Amino acid sequence: MKILKSLALPVILTICFCSVSCTEQPAPPMPVLEKRGNATQLIVDGEPFLVLGGELHNSSSSSREYMKEYWPVLKNSGMNTVLAAVEWSLIEPVEGKFNFSVVDELLSDARKNDLKLILLWFGSWKNGQSHYMPEWVKKDFTRFPRVKAENGKSLEILSIFGKETLEKDSKAFSALMKHLAETDSQYRTVIMVQVQNEVGIIGSPRDHSEEANTAFNSTVPQELMDYMVSHRDNLLPELTEVWSAAGNKTSGTWQEVFGKGDKADEFFMAWNYACFINECAKAGKKEYEIPMFVNAWIVQPQDKRPGDYPSGGPQAHVLDFWRAGAPDVDLLCPDIYLPDFCEICDLYTRNDNILFIPESRAGEQGAGQMLHAIGKYNAVGYSPFGIEQIFARDENEPVAKAYRILQGFAPLVLEAQQKGTITSVLLKEEKNPSKEIILGDYRIRAELFRGWGSSPSQPKTGGYCLIINSAADEYTIFGSNVQISFSPAAPGPAIAAISRLDEGRYEKGKWVQGRRLNGDDIMIDYDLAARALENRTGTGLKFPEGSESLQRVKLYRYE
């Protein structure tokens, strides 16, 4: 018994030590943006991460009770990331006294549902206006001056030239980031932060307050001029055209360098908004350095001049000012609700800007846009707006279905982005009902789906597909309302045919076999003689609208 007693204490201490040490897991790595192969990707928990996101309605995240019924919907939708607003008025209702209960509730509920968060800082501005700051800011228009329009009247928009506005907004934002560092470092629930929301002046091309007029009539900051001169060969044409028309001056007032009119006004606001937000981002990153971005309310077809849309915001044509003035902002992002999706993505991927779409549409259009952004533009993610109500209305909503397929498929997608072996096609009946692309050793023709029988049916108005060259002579494809055929694009036998075609899905990166497709399931055209003249076989892949599976095809060639 004496021997047993002498052993008991060390054993108990060892057990206690193990029980404590075994529960202390090292913190996951910080989220970062990192260049990997051909793509810059978001790295979460040490691995590439594809944001299958959704943004809540503006006021949803302010109430835990309201969100209670929606968290299970979001969890089961296939999405992996929720974009949620954090408003200044809720975390600092009394000046200098912070309350992060709303943030803590978001963190807790997201973790319980195995979802990541992207927080949207609604501070001084949201959609170009100032509605989310605390009452003590709203009421004190002396300390926190408002924008003055061309007509001299004050707008309900905080002026970026208010020194205390910058000081107090930055202090509140850095307090939020400090709180995340203290409460989320062990979990990394929050993977990115948006700084403000769709900033810019609505109602006037620029601020005409006394402070703004003084700055506008002063010389263009040397920091901006140095940037323009050193990047002269890579500046966007929208800037170089205006600068050249004014004589390519390297010093002078805003009107002397950029001419008189709306362009100079908008450039002036873009630079100053960028500088303001960069100070906020810099203050936040000192506390907790995770990727940060800004978003843009983009120019609408009916807009005639800056101020019809938020003047000074990160519009595609002023991104040089944002790059120069906001180096601590990692992503300059468009909110896309317009039909010319591809053209907008083209504008926002110039000069290696990394694409993330924090607000857009859902539905069939949204699913196609999401896959196109990921496949063609190496986007780090996509996020329809108002997601909780959209998915609650229909659990088989097209974006949700695409997200569920992408859950297991994402590792292959991210690897293909790195290798440059991925692309996508977005088709519209009235614009481009078919398209040919080359990926790997094959020319791929994507057309709107014409039906199953010998009498082709009328196609729907749009279709899409994501295509990965997953191995030699092999492609893995997901699509909706498209049909796809192949022909050789490299030396060798002239005709490409299907060796085998399987449908299936990926689970945790592993292929799960479904049906082996053949016969009627691979015939898309019975005019074999005509197709033979094109070195095609009449066979291919069919994806009716609302497809729910991937198809993996192995090709061979013959004469």
# chains A, B, ... in the order shown; residues from 1 in each chain; ligands from 1
call {"tool": "residues_around", "arguments": {"residues": "A:Gly203", "least_positions_apart": "4", "cutoff": "8 Å", "atoms": "only C-alpha atoms", "output": "list in words"}}
result
Ala149, Leu155, Gly307 and Asp308 of chain A
call {"tool": "write_last_selection", "arguments": {"atoms": "all heavy atoms", "output": "PDB file, in the first residue's frame"}}
result
ATOM      1  N   ALA A 149     -22.597  69.964 -50.817  1.00  0.00           N
ATOM      2  CA  ALA A 149     -22.785  69.736 -52.248  1.00  0.00           C
ATOM      3  C   ALA A 149     -22.438  70.995 -53.038  1.00  0.00           C
ATOM      4  O   ALA A 149     -22.118  72.043 -52.476  1.00  0.00           O
ATOM      5  CB  ALA A 149     -24.220  69.307 -52.516  1.00  0.00           C
ATOM      6  N   LEU A 155     -24.997  67.578 -46.882  1.00  0.00           N
ATOM      7  CA  LEU A 155     -25.551  66.251 -47.139  1.00  0.00           C
ATOM      8  C   LEU A 155     -25.343  65.381 -45.896  1.00  0.00           C
ATOM      9  O   LEU A 155     -24.464  65.658 -45.079  1.00  0.00           O
ATOM     10  CB  LEU A 155     -24.848  65.610 -48.344  1.00  0.00           C
ATOM     11  CG  LEU A 155     -24.897  66.403 -49.658  1.00  0.00           C
ATOM     12  CD1 LEU A 155     -24.069  65.694 -50.730  1.00  0.00           C
ATOM     13  CD2 LEU A 155     -26.331  66.575 -50.125  1.00  0.00           C
ATOM     14  N   GLY A 307     -21.319  61.371 -58.615  1.00  0.00           N
ATOM     15  CA  GLY A 307     -22.344  61.887 -57.723  1.00  0.00           C
ATOM     16  C   GLY A 307     -23.688  61.246 -58.004  1.00  0.00           C
ATOM     17  O   GLY A 307     -24.510  61.097 -57.096  1.00  0.00           O
ATOM     18  N   ASP A 308     -23.915  60.839 -59.280  1.00  0.00           N
ATOM     19  CA  ASP A 308     -25.048  59.963 -59.569  1.00  0.00           C
ATOM     20  C   ASP A 308     -24.742  58.579 -59.000  1.00  0.00           C
ATOM     21  O   ASP A 308     -25.632  57.879 -58.549  1.00  0.00           O
ATOM     22  CB  ASP A 308     -25.296  59.867 -61.073  1.00  0.00           C
ATOM     23  CG  ASP A 308     -25.734  61.196 -61.675  1.00  0.00           C
ATOM     24  OD1 ASP A 308     -26.215  62.064 -60.924  1.00  0.00           O
ATOM     25  OD2 ASP A 308     -25.589  61.366 -62.904  1.00  0.00           O
TER      26      ASP A 308
END
call {"tool": "residues_around", "arguments": {"residues": "A:Val294", "least_positions_apart": "3", "cutoff": "6 Å", "atoms": "only C-alpha atoms", "output": "list in words"}}
result
Gln194, Val195 and Leu332 of chain A
call {"tool": "residues_around", "arguments": {"residues": "A:Glu397", "least_positions_apart": "4", "cutoff": "10 Å", "atoms": "only C-alpha atoms", "output": "list of chain:residue names"}}
result
A:Ser77, A:Ala362, A:Gly363, A:Glu364, A:Ala367, A:Ile390, A:Phe391, A:Ala392, A:Arg393, A:Lys401, A:Ala402, A:Tyr403, A:Gly546
call {"tool": "residues_around", "arguments": {"residues": "stretch 468-470 of chain A", "least_positions_apart": "2", "cutoff": "7 Å", "atoms": "only C-alpha atoms", "output": "PDB file with C-alpha atoms, in the first residue's frame"}}
result
ATOM      1  CA  ALA A 416      -6.334  24.051 -61.107  1.00  0.00           C
ATOM      2  CA  THR A 421      -5.713  24.372 -65.979  1.00  0.00           C
ATOM      3  CA  ILE A 422      -9.156  25.846 -65.359  1.00  0.00           C
ATOM      4  CA  THR A 423     -11.546  28.010 -67.333  1.00  0.00           C
ATOM      5  CA  LEU A 439      -7.646  24.283 -72.734  1.00  0.00           C
ATOM      6  CA  GLY A 440      -4.863  21.721 -72.678  1.00  0.00           C
ATOM      7  CA  LEU A 466     -16.692  25.267 -65.289  1.00  0.00           C
ATOM      8  CA  GLU A 474      -9.147  14.218 -69.153  1.00  0.00           C
ATOM      9  CA  TYR A 475     -11.575  16.980 -68.170  1.00  0.00           C
ATOM     10  CA  THR A 476     -13.826  17.420 -65.141  1.00  0.00           C
ATOM     11  CA  ILE A 477     -16.800  19.673 -65.872  1.00  0.00           C
TER      12      ILE A 477
END
call {"tool": "select_by_dssp", "arguments": {"residues": "stretch 77-283 of chain A", "states": "alpha helix (DSSP H)", "output": "PyMOL selection string"}}
result
chain A and resi 88-91+101-112+135-138+163-184+210-216+222-230+237-245+254-258+262-283
call {"tool": "residues_around", "arguments": {"residues": "A:Leu90", "least_positions_apart": "6", "cutoff": "8 Å", "atoms": "only C-alpha atoms", "output": "list in words"}}
result
Asn99, Val102 and Pro134 of chain A
call {"tool": "write_last_selection", "arguments": {"atoms": "all heavy atoms", "output": "mmCIF file, in the first residue's frame"}}
result
data_model
loop_
_atom_site.group_PDB
_atom_site.id
_atom_site.type_symbol
_atom_site.label_atom_id
_atom_site.label_comp_id
_atom_site.auth_asym_id
_atom_site.auth_seq_id
_atom_site.Cartn_x
_atom_site.Cartn_y
_atom_site.Cartn_z
ATOM 1 N N ASN A 99 -18.707 48.001 -26.636
ATOM 2 C CA ASN A 99 -19.513 46.825 -26.301
ATOM 3 C C ASN A 99 -19.510 45.902 -27.516
ATOM 4 O O ASN A 99 -20.080 46.230 -28.564
ATOM 5 C CB ASN A 99 -20.942 47.246 -25.956
ATOM 6 C CG ASN A 99 -21.817 46.073 -25.568
ATOM 7 O OD1 ASN A 99 -21.502 44.924 -25.846
ATOM 8 N ND2 ASN A 99 -22.942 46.361 -24.936
ATOM 9 N N VAL A 102 -22.519 42.040 -29.769
ATOM 10 C CA VAL A 102 -23.036 41.647 -31.085
ATOM 11 C C VAL A 102 -21.982 40.845 -31.848
ATOM 12 O O VAL A 102 -22.295 39.838 -32.498
ATOM 13 C CB VAL A 102 -23.460 42.891 -31.891
ATOM 14 C CG1 VAL A 102 -23.753 42.519 -33.337
ATOM 15 C CG2 VAL A 102 -24.687 43.541 -31.265
ATOM 16 N N PRO A 134 -22.478 56.323 -34.475
ATOM 17 C CA PRO A 134 -23.237 56.506 -33.225
ATOM 18 C C PRO A 134 -23.948 57.859 -33.184
ATOM 19 O O PRO A 134 -23.591 58.793 -33.912
ATOM 20 C CB PRO A 134 -22.154 56.425 -32.139
ATOM 21 C CG PRO A 134 -20.986 55.765 -32.792
ATOM 22 C CD PRO A 134 -21.035 56.131 -34.230
#
call {"tool": "residues_around", "arguments": {"residues": "A:Lys249", "least_positions_apart": "6", "cutoff": "12 Å", "atoms": "only C-alpha atoms", "output": "number ranges by chain"}}
result
A: 219-220, 225-226, 228-229, 240, 242-243, 255-259
call {"tool": "write_last_selection", "arguments": {"atoms": "C-alpha atoms", "output": "short mmCIF file (atom, residue, chain, number, x, y, z; two decimals), in the first residue's frame"}}
result
data_model
loop_
_atom_site.label_atom_id
_atom_site.label_comp_id
_atom_site.auth_asym_id
_atom_site.auth_seq_id
_atom_site.Cartn_x
_atom_site.Cartn_y
_atom_site.Cartn_z
CA THR A 219 -1.07 71.23 -55.05
CA VAL A 220 -1.66 67.56 -55.76
CA MET A 225 2.54 62.50 -58.31
CA ASP A 226 5.51 60.25 -57.54
CA MET A 228 1.92 58.37 -61.26
CA VAL A 229 5.36 59.15 -62.64
CA THR A 240 -3.53 58.60 -68.62
CA VAL A 242 -7.11 62.82 -68.59
CA TRP A 243 -3.55 63.48 -67.43
CA GLN A 255 -7.34 71.40 -61.89
CA GLU A 256 -3.89 72.17 -63.30
CA VAL A 257 -2.89 68.49 -63.34
CA PHE A 258 -6.23 66.95 -64.34
CA GLY A 259 -8.14 69.81 -65.98
#
call {"tool": "residues_around", "arguments": {"residues": "stretch 122-132 of chain A", "least_positions_apart": "2", "cutoff": "9 Å", "atoms": "only C-alpha atoms", "output": "count of residues only"}}
result
34
call {"tool": "select_by_dssp", "arguments": {"residues": "stretch 92-289 of chain A", "states": "strand (DSSP E)", "output": "MDAnalysis selection string"}}
result
chainID A and resid 116:126 146:148 154:158 190:197
call {"tool": "write_last_selection", "arguments": {"atoms": "C-alpha atoms", "output": "PDB file, in the first residue's frame"}}
result
ATOM      1  CA  LYS A 116     -16.377  31.291 -41.453  1.00  0.00           C
ATOM      2  CA  LEU A 117     -17.115  35.021 -41.208  1.00  0.00           C
ATOM      3  CA  ILE A 118     -16.194  38.060 -43.234  1.00  0.00           C
ATOM      4  CA  LEU A 119     -17.049  41.146 -41.192  1.00  0.00           C
ATOM      5  CA  LEU A 120     -18.212  44.335 -42.915  1.00  0.00           C
ATOM      6  CA  TRP A 121     -17.271  47.483 -41.013  1.00  0.00           C
ATOM      7  CA  PHE A 122     -20.155  49.931 -41.345  1.00  0.00           C
ATOM      8  CA  GLY A 123     -18.412  52.929 -39.839  1.00  0.00           C
ATOM      9  CA  SER A 124     -18.503  56.442 -41.256  1.00  0.00           C
ATOM     10  CA  TRP A 125     -20.108  55.341 -44.532  1.00  0.00           C
ATOM     11  CA  LYS A 126     -22.425  52.742 -45.952  1.00  0.00           C
ATOM     12  CA  ARG A 146     -20.742  66.953 -43.278  1.00  0.00           C
ATOM     13  CA  VAL A 147     -20.132  67.083 -47.000  1.00  0.00           C
ATOM     14  CA  LYS A 148     -21.359  70.202 -48.765  1.00  0.00           C
ATOM     15  CA  SER A 154     -25.013  69.918 -46.295  1.00  0.00           C
ATOM     16  CA  LEU A 155     -25.551  66.251 -47.139  1.00  0.00           C
ATOM     17  CA  GLU A 156     -25.998  63.441 -44.614  1.00  0.00           C
ATOM     18  CA  ILE A 157     -22.485  62.272 -45.421  1.00  0.00           C
ATOM     19  CA  LEU A 158     -19.494  62.654 -43.124  1.00  0.00           C
ATOM     20  CA  VAL A 190     -13.054  35.749 -39.244  1.00  0.00           C
ATOM     21  CA  ILE A 191     -11.043  35.388 -42.445  1.00  0.00           C
ATOM     22  CA  MET A 192     -11.351  38.887 -43.974  1.00  0.00           C
ATOM     23  CA  VAL A 193     -12.736  42.316 -43.122  1.00  0.00           C
ATOM     24  CA  GLN A 194     -14.343  44.904 -45.373  1.00  0.00           C
ATOM     25  CA  VAL A 195     -13.445  48.489 -44.413  1.00  0.00           C
ATOM     26  CA  GLN A 196     -16.557  50.720 -44.789  1.00  0.00           C
ATOM     27  CA  ASN A 197     -19.108  49.982 -47.526  1.00  0.00           C
TER      28      ASN A 197
END
call {"tool": "atom_distance", "arguments": {"atom1": "atom CA of A:Arg188", "atom2": "atom CA of A:Glu105"}}
result
15.1 Å
